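For reference, input-v9.pdb is printed below; it contains PDB, C-alpha atoms, pLDDT in the B column.
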ATOM      1  CA  MET A   1     122.445  94.194 128.881  1.00 43.00           C
ATOM      2  CA  THR A   2     118.794  94.249 129.883  1.00 34.00           C
ATOM      3  CA  GLY A   3     116.018  92.602 127.911  1.00 34.00           C
ATOM      4  CA  ILE A   4     113.129  94.303 126.156  1.00 32.00           C
ATOM      5  CA  LEU A   5     111.046  94.484 129.303  1.00 31.00           C
ATOM      6  CA  GLY A   6     113.969  94.910 131.699  1.00 36.00           C
ATOM      7  CA  GLN A   7     115.146  98.162 133.213  1.00 34.00           C
ATOM      8  CA  ALA A   8     116.708 100.440 130.614  1.00 36.00           C
ATOM      9  CA  PRO A   9     120.175 101.871 131.362  1.00 36.00           C
ATOM     10  CA  SER A  10     120.442 105.494 132.417  1.00 39.00           C
ATOM     11  CA  GLY A  11     120.933 107.947 129.577  1.00 42.00           C
ATOM     12  CA  ALA A  12     123.551 110.685 129.286  1.00 41.00           C
ATOM     13  CA  ASP A  13     121.167 113.144 130.939  1.00 43.00           C
ATOM     14  CA  GLY A  14     120.749 110.923 133.992  1.00 43.00           C
ATOM     15  CA  ARG A  15     117.214 109.756 133.108  1.00 43.00           C
ATOM     16  CA  LYS A  16     116.251 106.277 134.226  1.00 43.00           C
ATOM     17  CA  GLY A  17     113.671 103.994 132.635  1.00 43.00           C
ATOM     18  CA  ALA A  18     112.428 103.662 129.084  1.00 44.00           C
ATOM     19  CA  THR A  19     110.718 106.457 127.209  1.00 52.00           C
ATOM     20  CA  ARG A  20     107.155 105.993 125.995  1.00 50.00           C
ATOM     21  CA  ARG A  21     108.399 105.445 122.461  1.00 48.00           C
ATOM     22  CA  GLU A  22     110.841 102.768 123.623  1.00 42.00           C
ATOM     23  CA  VAL A  23     108.083 100.992 125.504  1.00 39.00           C
ATOM     24  CA  LEU A  24     105.821 101.026 122.440  1.00 44.00           C
ATOM     25  CA  VAL A  25     108.558  99.798 120.119  1.00 40.00           C
ATOM     26  CA  GLY A  26     109.653  97.146 122.589  1.00 39.00           C
ATOM     27  CA  GLY A  27     106.091  96.007 123.120  1.00 42.00           C
ATOM     28  CA  GLY A  28     105.586  95.729 119.379  1.00 47.00           C
ATOM     29  CA  LEU A  29     108.714  93.606 118.987  1.00 41.00           C
ATOM     30  CA  LEU A  30     107.647  91.370 121.832  1.00 40.00           C
ATOM     31  CA  ALA A  31     104.159  90.971 120.376  1.00 47.00           C
ATOM     32  CA  THR A  32     105.622  89.998 117.006  1.00 48.00           C
ATOM     33  CA  ALA A  33     107.969  87.482 118.610  1.00 43.00           C
ATOM     34  CA  LEU A  34     105.196  85.925 120.674  1.00 46.00           C
ATOM     35  CA  ALA A  35     102.845  85.800 117.702  1.00 45.00           C
ATOM     36  CA  SER A  36     105.488  84.054 115.585  1.00 49.00           C
ATOM     37  CA  GLY A  37     106.095  81.563 118.351  1.00 47.00           C
ATOM     38  CA  LEU A  38     102.412  80.795 118.764  1.00 47.00           C
ATOM     39  CA  LEU A  39     102.013  80.386 115.022  1.00 46.00           C
ATOM     40  CA  ALA A  40     104.881  77.914 114.825  1.00 44.00           C
ATOM     41  CA  ARG A  41     103.641  76.011 117.880  1.00 43.00           C
ATOM     42  CA  ASN A  42     100.116  75.652 116.482  1.00 44.00           C
ATOM     43  CA  ALA A  43     100.928  75.070 112.804  1.00 43.00           C
ATOM     44  CA  ALA A  44      99.692  71.478 113.042  1.00 38.00           C
ATOM     45  CA  LEU A  45      96.221  72.717 114.037  1.00 43.00           C
ATOM     46  CA  ALA A  46      95.328  74.193 110.631  1.00 50.00           C
ATOM     47  CA  ASP A  47      91.746  73.316 109.651  1.00 55.00           C
ATOM     48  CA  PRO A  48      91.836  70.078 107.604  1.00 54.00           C
ATOM     49  CA  THR A  49      88.292  70.528 106.208  1.00 53.00           C
ATOM     50  CA  ILE A  50      89.222  73.402 103.888  1.00 57.00           C
ATOM     51  CA  ASP A  51      89.732  72.581 100.221  1.00 51.00           C
ATOM     52  CA  ARG A  52      93.221  73.932  99.590  1.00 56.00           C
ATOM     53  CA  GLU A  53      93.228  72.765  95.980  1.00 63.00           C
ATOM     54  CA  LEU A  54      90.874  75.597  94.967  1.00 75.00           C
ATOM     55  CA  HIS A  55      88.518  73.566  92.802  1.00 84.00           C
ATOM     56  CA  ILE A  56      86.302  76.306  91.384  1.00 91.00           C
ATOM     57  CA  PRO A  57      83.089  75.115  89.702  1.00 93.00           C
ATOM     58  CA  ASP A  58      82.660  75.017  85.933  1.00 95.00           C
ATOM     59  CA  THR A  59      79.101  76.367  86.217  1.00 97.00           C
ATOM     60  CA  VAL A  60      78.072  79.240  88.504  1.00 97.00           C
ATOM     61  CA  GLY A  61      74.374  80.065  88.195  1.00 96.00           C
ATOM     62  CA  ARG A  62      73.849  81.243  84.610  1.00 96.00           C
ATOM     63  CA  TRP A  63      77.591  81.523  83.936  1.00 97.00           C
ATOM     64  CA  SER A  64      79.974  78.900  82.548  1.00 97.00           C
ATOM     65  CA  ARG A  65      83.733  78.865  82.914  1.00 95.00           C
ATOM     66  CA  SER A  66      85.502  79.684  79.664  1.00 92.00           C
ATOM     67  CA  ALA A  67      88.830  78.416  78.385  1.00 85.00           C
ATOM     68  CA  ASP A  68      89.696  82.086  77.879  1.00 79.00           C
ATOM     69  CA  GLU A  69      91.071  83.534  81.147  1.00 70.00           C
ATOM     70  CA  GLY A  70      89.988  87.096  80.317  1.00 68.00           C
ATOM     71  CA  ILE A  71      92.174  90.100  81.080  1.00 65.00           C
ATOM     72  CA  LEU A  72      93.313  90.065  84.685  1.00 66.00           C
ATOM     73  CA  ILE A  73      95.772  92.535  86.143  1.00 63.00           C
ATOM     74  CA  PRO A  74      99.297  91.056  86.438  1.00 52.00           C
ATOM     75  CA  ARG A  75     100.008  89.254  89.680  1.00 53.00           C
ATOM     76  CA  ALA A  76     103.025  90.344  91.663  1.00 49.00           C
ATOM     77  CA  GLU A  77     105.974  87.967  91.664  1.00 41.00           C
ATOM     78  CA  GLU A  78     105.778  87.620  95.428  1.00 43.00           C
ATOM     79  CA  ASP A  79     102.247  86.223  95.136  1.00 51.00           C
ATOM     80  CA  GLU A  80     103.737  82.823  94.418  1.00 50.00           C
ATOM     81  CA  GLN A  81     105.556  82.989  97.754  1.00 53.00           C
ATOM     82  CA  LEU A  82     102.698  84.487  99.799  1.00 63.00           C
ATOM     83  CA  TYR A  83      99.986  82.074  98.735  1.00 68.00           C
ATOM     84  CA  ASP A  84      99.664  78.320  98.679  1.00 71.00           C
ATOM     85  CA  GLN A  85      97.435  78.622  95.637  1.00 82.00           C
ATOM     86  CA  VAL A  86      95.982  81.237  93.309  1.00 84.00           C
ATOM     87  CA  VAL A  87      93.263  80.338  90.816  1.00 87.00           C
ATOM     88  CA  THR A  88      91.549  82.496  88.202  1.00 89.00           C
ATOM     89  CA  GLY A  89      88.431  81.955  86.139  1.00 92.00           C
ATOM     90  CA  TYR A  90      86.625  83.759  83.334  1.00 94.00           C
ATOM     91  CA  TYR A  91      82.877  83.121  83.365  1.00 96.00           C
ATOM     92  CA  THR A  92      80.607  83.929  80.427  1.00 96.00           C
ATOM     93  CA  SER A  93      76.850  83.886  79.939  1.00 96.00           C
ATOM     94  CA  ASP A  94      74.393  84.434  77.110  1.00 95.00           C
ATOM     95  CA  SER A  95      72.232  86.569  79.381  1.00 93.00           C
ATOM     96  CA  ALA A  96      74.728  88.471  81.568  1.00 94.00           C
ATOM     97  CA  PRO A  97      78.111  90.212  81.341  1.00 94.00           C
ATOM     98  CA  SER A  98      81.268  88.129  81.774  1.00 95.00           C
ATOM     99  CA  VAL A  99      82.792  87.892  85.253  1.00 96.00           C
ATOM    100  CA  LEU A 100      86.467  87.681  86.163  1.00 94.00           C
ATOM    101  CA  LEU A 101      87.221  85.628  89.290  1.00 94.00           C
ATOM    102  CA  LEU A 102      90.411  85.422  91.317  1.00 91.00           C
ATOM    103  CA  ILE A 103      90.805  83.426  94.541  1.00 91.00           C
ATOM    104  CA  ALA A 104      94.045  83.446  96.530  1.00 87.00           C
ATOM    105  CA  TYR A 105      94.599  81.177  99.519  1.00 86.00           C
ATOM    106  CA  GLY A 106      97.338  81.207 102.159  1.00 78.00           C
ATOM    107  CA  SER A 107      97.333  78.588 104.912  1.00 74.00           C
ATOM    108  CA  ALA A 108      99.184  80.755 107.456  1.00 58.00           C
ATOM    109  CA  GLN A 109      98.715  84.502 107.928  1.00 55.00           C
ATOM    110  CA  THR A 110     101.451  86.217 109.953  1.00 55.00           C
ATOM    111  CA  GLY A 111     102.745  89.724 110.490  1.00 51.00           C
ATOM    112  CA  THR A 112     104.936  89.388 107.391  1.00 45.00           C
ATOM    113  CA  THR A 113     102.754  87.125 105.221  1.00 43.00           C
ATOM    114  CA  GLN A 114      99.345  88.612 104.526  1.00 52.00           C
ATOM    115  CA  LEU A 115      96.814  88.795 101.730  1.00 62.00           C
ATOM    116  CA  HIS A 116      97.462  91.413  99.050  1.00 69.00           C
ATOM    117  CA  ARG A 117      94.412  93.655  98.906  1.00 78.00           C
ATOM    118  CA  PRO A 118      93.172  94.989  95.522  1.00 83.00           C
ATOM    119  CA  GLU A 119      93.384  98.634  96.613  1.00 82.00           C
ATOM    120  CA  VAL A 120      97.155  98.072  96.644  1.00 81.00           C
ATOM    121  CA  CYS A 121      97.507  95.745  93.646  1.00 82.00           C
ATOM    122  CA  TYR A 122      95.505  97.748  91.120  1.00 87.00           C
ATOM    123  CA  PRO A 123      97.387 101.062  91.502  1.00 86.00           C
ATOM    124  CA  ALA A 124     100.645  99.097  91.267  1.00 82.00           C
ATOM    125  CA  ALA A 125      99.406  97.833  87.874  1.00 83.00           C
ATOM    126  CA  GLY A 126      98.739 101.378  86.644  1.00 86.00           C
ATOM    127  CA  PHE A 127      95.039 101.766  87.452  1.00 90.00           C
ATOM    128  CA  ARG A 128      93.411 104.803  89.005  1.00 92.00           C
ATOM    129  CA  VAL A 129      91.329 103.438  91.840  1.00 91.00           C
ATOM    130  CA  ARG A 130      88.279 104.893  93.520  1.00 90.00           C
ATOM    131  CA  GLU A 131      87.444 103.065  96.720  1.00 81.00           C
ATOM    132  CA  LEU A 132      83.724 102.921  97.361  1.00 83.00           C
ATOM    133  CA  PRO A 133      81.528 101.992 100.327  1.00 86.00           C
ATOM    134  CA  ASP A 134      81.629  98.556 101.888  1.00 90.00           C
ATOM    135  CA  VAL A 135      78.669  96.275 101.268  1.00 93.00           C
ATOM    136  CA  SER A 136      77.220  93.306 103.115  1.00 94.00           C
ATOM    137  CA  LEU A 137      76.891  90.029 101.212  1.00 94.00           C
ATOM    138  CA  GLN A 138      74.417  87.357 102.261  1.00 91.00           C
ATOM    139  CA  LEU A 139      76.144  84.055 101.539  1.00 91.00           C
ATOM    140  CA  ARG A 140      74.422  80.879 102.724  1.00 85.00           C
ATOM    141  CA  GLY A 141      72.771  82.688 105.601  1.00 85.00           C
ATOM    142  CA  ARG A 142      75.908  84.551 106.666  1.00 86.00           C
ATOM    143  CA  SER A 143      76.408  88.298 106.460  1.00 90.00           C
ATOM    144  CA  ILE A 144      79.918  88.985 105.147  1.00 92.00           C
ATOM    145  CA  GLY A 145      81.543  92.382 104.792  1.00 92.00           C
ATOM    146  CA  ALA A 146      82.906  93.098 101.319  1.00 94.00           C
ATOM    147  CA  ARG A 147      84.522  96.040  99.569  1.00 92.00           C
ATOM    148  CA  THR A 148      83.752  97.690  96.248  1.00 95.00           C
ATOM    149  CA  MET A 149      86.085  99.628  93.947  1.00 93.00           C
ATOM    150  CA  THR A 150      86.176 101.177  90.515  1.00 95.00           C
ATOM    151  CA  ALA A 151      89.504 100.823  88.693  1.00 94.00           C
ATOM    152  CA  VAL A 152      90.149 102.875  85.551  1.00 94.00           C
ATOM    153  CA  ALA A 153      92.854 102.444  82.918  1.00 90.00           C
ATOM    154  CA  THR A 154      93.049 103.388  79.238  1.00 85.00           C
ATOM    155  CA  ARG A 155      89.751 102.312  77.609  1.00 83.00           C
ATOM    156  CA  ARG A 156      88.951 100.045  80.581  1.00 89.00           C
ATOM    157  CA  VAL A 157      86.623 100.630  83.525  1.00 93.00           C
ATOM    158  CA  GLU A 158      86.522  97.692  85.913  1.00 94.00           C
ATOM    159  CA  GLN A 159      84.011  97.351  88.740  1.00 96.00           C
ATOM    160  CA  ILE A 160      85.338  95.210  91.590  1.00 95.00           C
ATOM    161  CA  LEU A 161      83.720  93.406  94.495  1.00 96.00           C
ATOM    162  CA  TYR A 162      85.896  91.457  96.895  1.00 94.00           C
ATOM    163  CA  TRP A 163      86.046  90.030 100.371  1.00 94.00           C
ATOM    164  CA  SER A 164      88.855  88.649 102.493  1.00 89.00           C
ATOM    165  CA  ARG A 165      88.640  85.969 105.148  1.00 88.00           C
ATOM    166  CA  VAL A 166      91.275  85.673 107.865  1.00 84.00           C
ATOM    167  CA  GLY A 167      90.457  82.664 110.000  1.00 81.00           C
ATOM    168  CA  ARG A 168      87.020  83.458 111.430  1.00 83.00           C
ATOM    169  CA  ASP A 169      87.034  87.159 110.473  1.00 85.00           C
ATOM    170  CA  PHE A 170      86.193  89.141 107.349  1.00 88.00           C
ATOM    171  CA  PRO A 171      88.314  92.310 107.625  1.00 85.00           C
ATOM    172  CA  THR A 172      87.475  95.133 105.218  1.00 83.00           C
ATOM    173  CA  SER A 173      90.652  97.185 105.684  1.00 79.00           C
ATOM    174  CA  THR A 174      94.383  96.602 105.963  1.00 76.00           C
ATOM    175  CA  ASN A 175      94.438  97.612 109.630  1.00 80.00           C
ATOM    176  CA  ASP A 176      91.503  95.328 110.451  1.00 81.00           C
ATOM    177  CA  GLN A 177      93.326  92.517 108.693  1.00 74.00           C
ATOM    178  CA  ARG A 178      96.502  92.996 110.729  1.00 77.00           C
ATOM    179  CA  TRP A 179      94.622  93.135 114.033  1.00 83.00           C
ATOM    180  CA  SER A 180      92.637  90.045 113.098  1.00 76.00           C
ATOM    181  CA  VAL A 181      95.827  88.070 112.487  1.00 73.00           C
ATOM    182  CA  LEU A 182      97.396  89.211 115.751  1.00 79.00           C
ATOM    183  CA  ARG A 183      94.281  88.626 117.861  1.00 83.00           C
ATOM    184  CA  GLN A 184      93.648  85.120 116.554  1.00 72.00           C
ATOM    185  CA  THR A 185      97.289  84.152 116.903  1.00 73.00           C
ATOM    186  CA  PHE A 186      97.303  85.188 120.565  1.00 78.00           C
ATOM    187  CA  GLN A 187      94.189  83.069 121.030  1.00 77.00           C
ATOM    188  CA  GLY A 188      96.272  80.064 120.009  1.00 75.00           C
ATOM    189  CA  LEU A 189      94.700  79.785 116.549  1.00 72.00           C
ATOM    190  CA  VAL A 190      96.328  79.468 113.145  1.00 70.00           C
ATOM    191  CA  PRO A 191      94.522  81.998 110.933  1.00 73.00           C
ATOM    192  CA  ASP A 192      94.511  81.048 107.285  1.00 79.00           C
ATOM    193  CA  GLY A 193      93.554  83.564 104.646  1.00 81.00           C
ATOM    194  CA  ALA A 194      91.474  83.718 101.482  1.00 87.00           C
ATOM    195  CA  LEU A 195      90.818  86.616  99.154  1.00 90.00           C
ATOM    196  CA  VAL A 196      87.950  86.394  96.661  1.00 94.00           C
ATOM    197  CA  ARG A 197      87.874  89.050  93.936  1.00 94.00           C
ATOM    198  CA  LEU A 198      85.113  89.411  91.366  1.00 96.00           C
ATOM    199  CA  SER A 199      85.065  92.029  88.616  1.00 95.00           C
ATOM    200  CA  ILE A 200      83.247  93.161  85.498  1.00 95.00           C
ATOM    201  CA  ILE A 201      84.389  95.445  82.690  1.00 93.00           C
ATOM    202  CA  ASP A 202      81.495  97.908  82.816  1.00 94.00           C
ATOM    203  CA  PRO A 203      81.141 101.668  83.471  1.00 93.00           C
ATOM    204  CA  ASP A 204      77.739 101.149  85.158  1.00 94.00           C
ATOM    205  CA  ARG A 205      78.785 100.668  88.774  1.00 94.00           C
ATOM    206  CA  PRO A 206      75.409 100.026  90.512  1.00 94.00           C
ATOM    207  CA  ALA A 207      74.349  97.405  87.975  1.00 95.00           C
ATOM    208  CA  ALA A 208      77.779  95.749  88.031  1.00 96.00           C
ATOM    209  CA  ILE A 209      77.976  95.494  91.833  1.00 95.00           C
ATOM    210  CA  ALA A 210      74.452  94.047  92.017  1.00 96.00           C
ATOM    211  CA  LEU A 211      75.362  91.470  89.390  1.00 97.00           C
ATOM    212  CA  LEU A 212      78.635  90.581  91.164  1.00 97.00           C
ATOM    213  CA  ALA A 213      76.787  90.095  94.459  1.00 96.00           C
ATOM    214  CA  GLY A 214      74.505  87.637  92.689  1.00 96.00           C
ATOM    215  CA  PHE A 215      77.504  85.856  91.197  1.00 97.00           C
ATOM    216  CA  ALA A 216      79.112  85.604  94.663  1.00 97.00           C
ATOM    217  CA  ALA A 217      76.018  83.891  96.081  1.00 96.00           C
ATOM    218  CA  ALA A 218      75.863  81.520  93.115  1.00 97.00           C
ATOM    219  CA  LEU A 219      79.586  80.737  93.437  1.00 97.00           C
ATOM    220  CA  VAL A 220      79.201  79.684  97.065  1.00 95.00           C
ATOM    221  CA  GLU A 221      76.142  77.567  96.267  1.00 95.00           C
ATOM    222  CA  ALA A 222      77.897  75.838  93.345  1.00 96.00           C
ATOM    223  CA  SER A 223      81.054  75.030  95.338  1.00 94.00           C
ATOM    224  CA  PRO A 224      81.634  71.739  97.176  1.00 89.00           C
ATOM    225  CA  PRO A 225      81.677  71.827 101.020  1.00 88.00           C
ATOM    226  CA  GLY A 226      85.454  72.213 101.385  1.00 86.00           C
ATOM    227  CA  MET A 227      85.496  75.129  98.959  1.00 89.00           C
ATOM    228  CA  ARG A 228      82.490  76.771 100.626  1.00 89.00           C
ATOM    229  CA  HIS A 229      84.394  76.575 103.907  1.00 86.00           C
ATOM    230  CA  LEU A 230      87.347  78.336 102.289  1.00 88.00           C
ATOM    231  CA  LEU A 231      85.085  81.058 100.869  1.00 92.00           C
ATOM    232  CA  THR A 232      82.873  81.765 103.878  1.00 90.00           C
ATOM    233  CA  GLY A 233      84.525  80.152 106.903  1.00 83.00           C
ATOM    234  CA  PRO A 234      83.172  77.446 109.212  1.00 72.00           C
ATOM    235  CA  ALA A 235      79.423  76.927 109.328  1.00 63.00           C
TER     236      ALA A 235
END
Can you dump the structure from the file as structure tokens?
Amino acid sequence: MTGILGQAPSGADGRKGATRREVLVGGGLLATALASGLLARNAALADPTIDRELHIPDTVGRWSRSADEGILIPRAEEDEQLYDQVVTGYYTSDSAPSVLLLIAYGSAQTGTTQLHRPEVCYPAAGFRVRELPDVSLQLRGRSIGARTMTAVATRRVEQILYWSRVGRDFPTSTNDQRWSVLRQTFQGLVPDGALVRLSIIDPDRPAAIALLAGFAAALVEASPPGMRHLLTGPA
């Protein structure tokens, strides 16, 4: 029997060689196998400067963390298997609306273990989601691509701002995320992953997104160095 890249046996109609579809499928299987092998080989190279304990600050700008965790959408059961840690926070202020924060961290992103993006999680929890244009956040001098969404359920309109970091990249779509993982793995890197989701219960989208962008900047500033690295990547 020939291997994936070997000569395919002749078919019943006398054709020799693999079809285009067979080549594509075989190439995909080979890429997955190689990526898995590289990931295993380089697992010891994971960045030791990242704070994997997810120590979120008690004070973020004009907000303070509350003992009340707010009303977050339910997390999927598989989240506990996909991520090393997930932390949530509910931040209140006398002069601004309350902010819901969720940060999920996974030390190894592979073809089968990837961050769950909110545009998938919210509909699964029964929300109607309207995906809106990407925005650019300025966080400690870095320009980071982020996504915005409006999620609607019975008597609840939630405005969402989130970004995902995969190793050195900040993909804003599922396809970008997959390609980022594959590309970095083939470069001999071990891409970790972090998803930072901020949201406000508010029907006024423009005001909410502006406020969440300000909260994001304050969150990064208030975090210790290891946590800032997790949020925004290496300096």
### Result set of the PyMOL selection byres ((chain A and resi 139) around 9) on the coordinates above, as a ChimeraX atom specification
/A:137-138,140-144,216-218,220-221,232
#### Entry: Atom pair atom CA of A:Asp94 / atom CA of A:Ile201: separation (Å)
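Computed distance, atom CA of A:Asp94 to atom CA of A:Ile201, equals 15.9 Å.
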### Query
Quick one: distance from atom CA of A:Tyr122 to atom CA of A:Trp63 in Å, one decimal?
25.2 Å
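For the atom pair formed by atom CA of A:Gly145 and atom CA of A:His229, the distance is 16.1 Å, given to one decimal.
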### Task
Identify which of the residues A:Arg156, A:Val196, A:Leu211, A:Ser93 lies closest to A:Leu54, counting all atoms listed in the file when measuring atom-to-atom distances.
A:Val196
### Message
With distances taken over all atoms listed in the file, which residue among A:Arg178, A:Gly188, A:Gly126, A:Leu195 lies nearest A:Gln85?
### Response
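The closest residue to A:Gln85 is A:Leu195.
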